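Working notes, structure below.
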Amino acid sequence: MARRKTGNVLSEDADEARVQIMVAAEKVFAKYGPAKTTMDDIGREAGVSRPTVYRYFAGRDALMSALIERRSRLLFVKARKFLLDQPTFADQLVEGLVFLVERGRQDPLIRVLVSPEHMQLAEPLVGSSGLAARLTAEMWEPVLDRALERGEIRSDLDRAKMAEWIALIQFILVGRLDFDRPDDPSHREMLRTFVLPAFLPAAQASDGSK
């Protein structure tokens with residue numbers, strides 16, 4: 001049986017109603033851009049009043065953060081399968097970063113957030129709030145745990161700090177205007193030379209990553 005709608009618009013289930021509002025917000029953000037979008041705009045697209053939107057989200061930043069989390073977790077499903085197909089941690093890190101960055105650049109919301117004119121808007125959402133680090137930890141900590149068990153990465157590194165570093169790398173790469181060709185070997189060379197060694201045991205790092 002289909003759930004009843006509140007006011008013939010939103011589901012009575014709070015989680016479903018939040019998703020409905022987020023879907024409406026995605027459409028408005030794509031049309032006007034995050035900086036110019038108001039809660040009134042989102043309410044009109046969702047077919048509800050602004051106070052109704054505020055009943056589910058404290059403000060535009062909270063709504064955008066929820067959207068980023070939702071879209072990120074949808075991406076994680078594909079990313080985890082891709083990572084598990086990689087034979088070593090080195091491949092998981094390098095190929096995984098390229099995979100995630102490419103998909104991030106294809107996402108219209110993330111692409112807008114990392115563009116230079118919207119960096120001031122993005123910083124409290126994914127920077128100082130810790131959202132980027134939390135999402136990255138959710139994505140990468142299982143991979144890091146397995147790599148630790150196999151002795152592929154340093155055992156003295158804190159997992160949260162490793163995830164924070166990966167989040168920073170991802171954020172930088174998503175915003176790079178020259179990262180438009182994921183098959184460019186220079187991207188992988190840069191990651192293997194300057195990013196991967198930070199994770200490797202001393203002997204492997206000194207020998208160089210293969």
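Going through the structure tokens in order, the chains are called A, B, and so on, while each chain numbers its residues from 1 and the ligands are numbered from 1 in the order shown.
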
Problem - Polymer residues at most 10 Å from Arg60 of chain A, only C-alpha atoms, same-chain spacing of 5 or more positions, as a ChimeraX atom specification - result: /A:25,34-35,37-39,42,53-54,65-66

Practice task
Pick out the residues sitting within 12 Å of segment 47-51 of chain A, and hand them over as a PyMOL selection string; count only C-alpha atoms, and ignore anything fewer than 6 positions along from it in its own chain.
Solution key: chain A and resi 5-11+17+20-21+23-25+38-41+57-60

Could you write out that same residue set with N, CA and C atoms as a compact mmCIF listing (two decimals), in the first residue's frame?
# COMPACT_ATOMS: atom_id res chain seq x y z
N LYS A 5 0.13 10.97 1.65
CA LYS A 5 0.92 12.19 1.54
C LYS A 5 0.35 13.26 2.47
N THR A 6 1.21 14.08 3.04
CA THR A 6 0.79 15.19 3.86
C THR A 6 0.41 16.35 2.94
N GLY A 7 -0.82 16.82 3.04
CA GLY A 7 -1.25 17.90 2.16
C GLY A 7 -1.17 17.51 0.71
N ASN A 8 -1.33 16.21 0.44
CA ASN A 8 -1.27 15.70 -0.94
C ASN A 8 0.07 15.91 -1.60
N VAL A 9 1.12 16.21 -0.83
CA VAL A 9 2.43 16.47 -1.41
C VAL A 9 3.50 15.59 -0.77
N LEU A 10 3.75 15.75 0.51
CA LEU A 10 4.81 15.02 1.18
C LEU A 10 4.29 13.75 1.86
N SER A 11 5.13 12.75 1.87
CA SER A 11 4.81 11.53 2.59
C SER A 11 4.71 11.81 4.08
N ALA A 17 9.76 12.00 3.39
CA ALA A 17 9.50 13.42 3.14
C ALA A 17 10.81 14.18 2.95
N GLN A 20 12.02 13.56 -0.49
CA GLN A 20 11.24 14.32 -1.47
C GLN A 20 11.72 15.77 -1.54
N ILE A 21 12.00 16.35 -0.39
CA ILE A 21 12.48 17.73 -0.37
C ILE A 21 13.87 17.81 -0.98
N VAL A 23 15.12 15.88 -3.30
CA VAL A 23 14.98 15.74 -4.76
C VAL A 23 14.57 17.07 -5.36
N ALA A 24 13.64 17.77 -4.71
CA ALA A 24 13.23 19.09 -5.18
C ALA A 24 14.40 20.07 -5.12
N ALA A 25 15.18 20.00 -4.04
CA ALA A 25 16.32 20.91 -3.90
C ALA A 25 17.35 20.67 -4.98
N THR A 38 16.99 29.81 -2.63
CA THR A 38 16.43 30.09 -1.31
C THR A 38 15.55 28.93 -0.86
N MET A 39 15.22 28.92 0.42
CA MET A 39 14.32 27.90 0.92
C MET A 39 12.92 28.06 0.32
N ASP A 40 12.55 29.29 -0.04
CA ASP A 40 11.27 29.50 -0.74
C ASP A 40 11.28 28.79 -2.08
N ASP A 41 12.41 28.91 -2.81
CA ASP A 41 12.53 28.23 -4.11
C ASP A 41 12.34 26.73 -3.95
N PHE A 57 14.49 20.51 7.69
CA PHE A 57 15.89 20.93 7.60
C PHE A 57 16.04 22.30 8.28
N ALA A 58 17.06 22.44 9.12
CA ALA A 58 17.23 23.67 9.90
C ALA A 58 17.54 24.88 9.03
N GLY A 59 18.09 24.66 7.86
CA GLY A 59 18.43 25.75 6.96
C GLY A 59 19.00 25.22 5.67
N ARG A 60 19.40 26.13 4.79
CA ARG A 60 19.91 25.71 3.49
C ARG A 60 21.20 24.91 3.62

Handout entry: In segment 9-159 of chain A, DSSP helix (DSSP H, G or I) residues written as a PyMOL selection string
Key = chain A and resi 14-32+34-36+39-46+50-56+60-84+89-106+108-113+116-127+131-149+159

Residues of segment 120-190 of chain A at most 7 Å from segment 93-103 of chain A: nearest atom pair and distance in Å, only C-alpha atoms, as CSV:
residue,atom,partner,partner_atom,distance
A:Gln170,CA,A:Val101,CA,6.2
A:Leu173,CA,A:Val101,CA,6.4
A:Val174,CA,A:Val101,CA,5.3
A:Pro182,CA,A:Val98,CA,6.4
A:Arg188,CA,A:Val94,CA,6.2

If you run DSSP on the backbone here, which positions in segment 5-96 of chain A get strand (DSSP E or B)? Please write them as a JSON list (two decimals) with all heavy atoms, in the first residue's frame.
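Below you can see part-v5.json, which holds the result:
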[["chain", "number", "residue", "atom", "x", "y", "z"],
["A", 5, "LYS", "N", 0.13, 10.97, 1.65],
["A", 5, "LYS", "CA", 0.92, 12.19, 1.54],
["A", 5, "LYS", "C", 0.35, 13.26, 2.47],
["A", 5, "LYS", "O", -0.86, 13.36, 2.67],
["A", 5, "LYS", "CB", 0.92, 12.72, 0.10],
["A", 5, "LYS", "CG", 1.35, 11.71, -0.93],
["A", 5, "LYS", "CD", 2.84, 11.48, -0.88],
["A", 5, "LYS", "CE", 3.29, 10.50, -1.96],
["A", 5, "LYS", "NZ", 3.63, 11.15, -3.20],
["A", 6, "THR", "N", 1.21, 14.08, 3.04],
["A", 6, "THR", "CA", 0.79, 15.19, 3.86],
["A", 6, "THR", "C", 0.41, 16.35, 2.94],
["A", 6, "THR", "O", 1.24, 16.83, 2.18],
["A", 6, "THR", "CB", 1.93, 15.64, 4.80],
["A", 6, "THR", "OG1", 2.31, 14.53, 5.59],
["A", 6, "THR", "CG2", 1.49, 16.77, 5.70],
["A", 10, "LEU", "N", 3.75, 15.75, 0.51],
["A", 10, "LEU", "CA", 4.81, 15.02, 1.18],
["A", 10, "LEU", "C", 4.29, 13.75, 1.86],
["A", 10, "LEU", "O", 3.17, 13.71, 2.35],
["A", 10, "LEU", "CB", 5.49, 15.90, 2.23],
["A", 10, "LEU", "CG", 6.27, 17.11, 1.74],
["A", 10, "LEU", "CD1", 6.92, 17.82, 2.92],
["A", 10, "LEU", "CD2", 7.32, 16.71, 0.72],
["A", 11, "SER", "N", 5.13, 12.75, 1.87],
["A", 11, "SER", "CA", 4.81, 11.53, 2.59],
["A", 11, "SER", "C", 4.71, 11.81, 4.08],
["A", 11, "SER", "O", 5.36, 12.70, 4.62],
["A", 11, "SER", "CB", 5.91, 10.48, 2.34],
["A", 11, "SER", "OG", 5.77, 9.38, 3.20]]

Completion exercise
Using only C-alpha atoms, the shortest atom-to-atom distance to Thr193 of chain A among A:Ser155, A:Ala90, A:Arg55, A:Lys161 belongs to A:Ala90
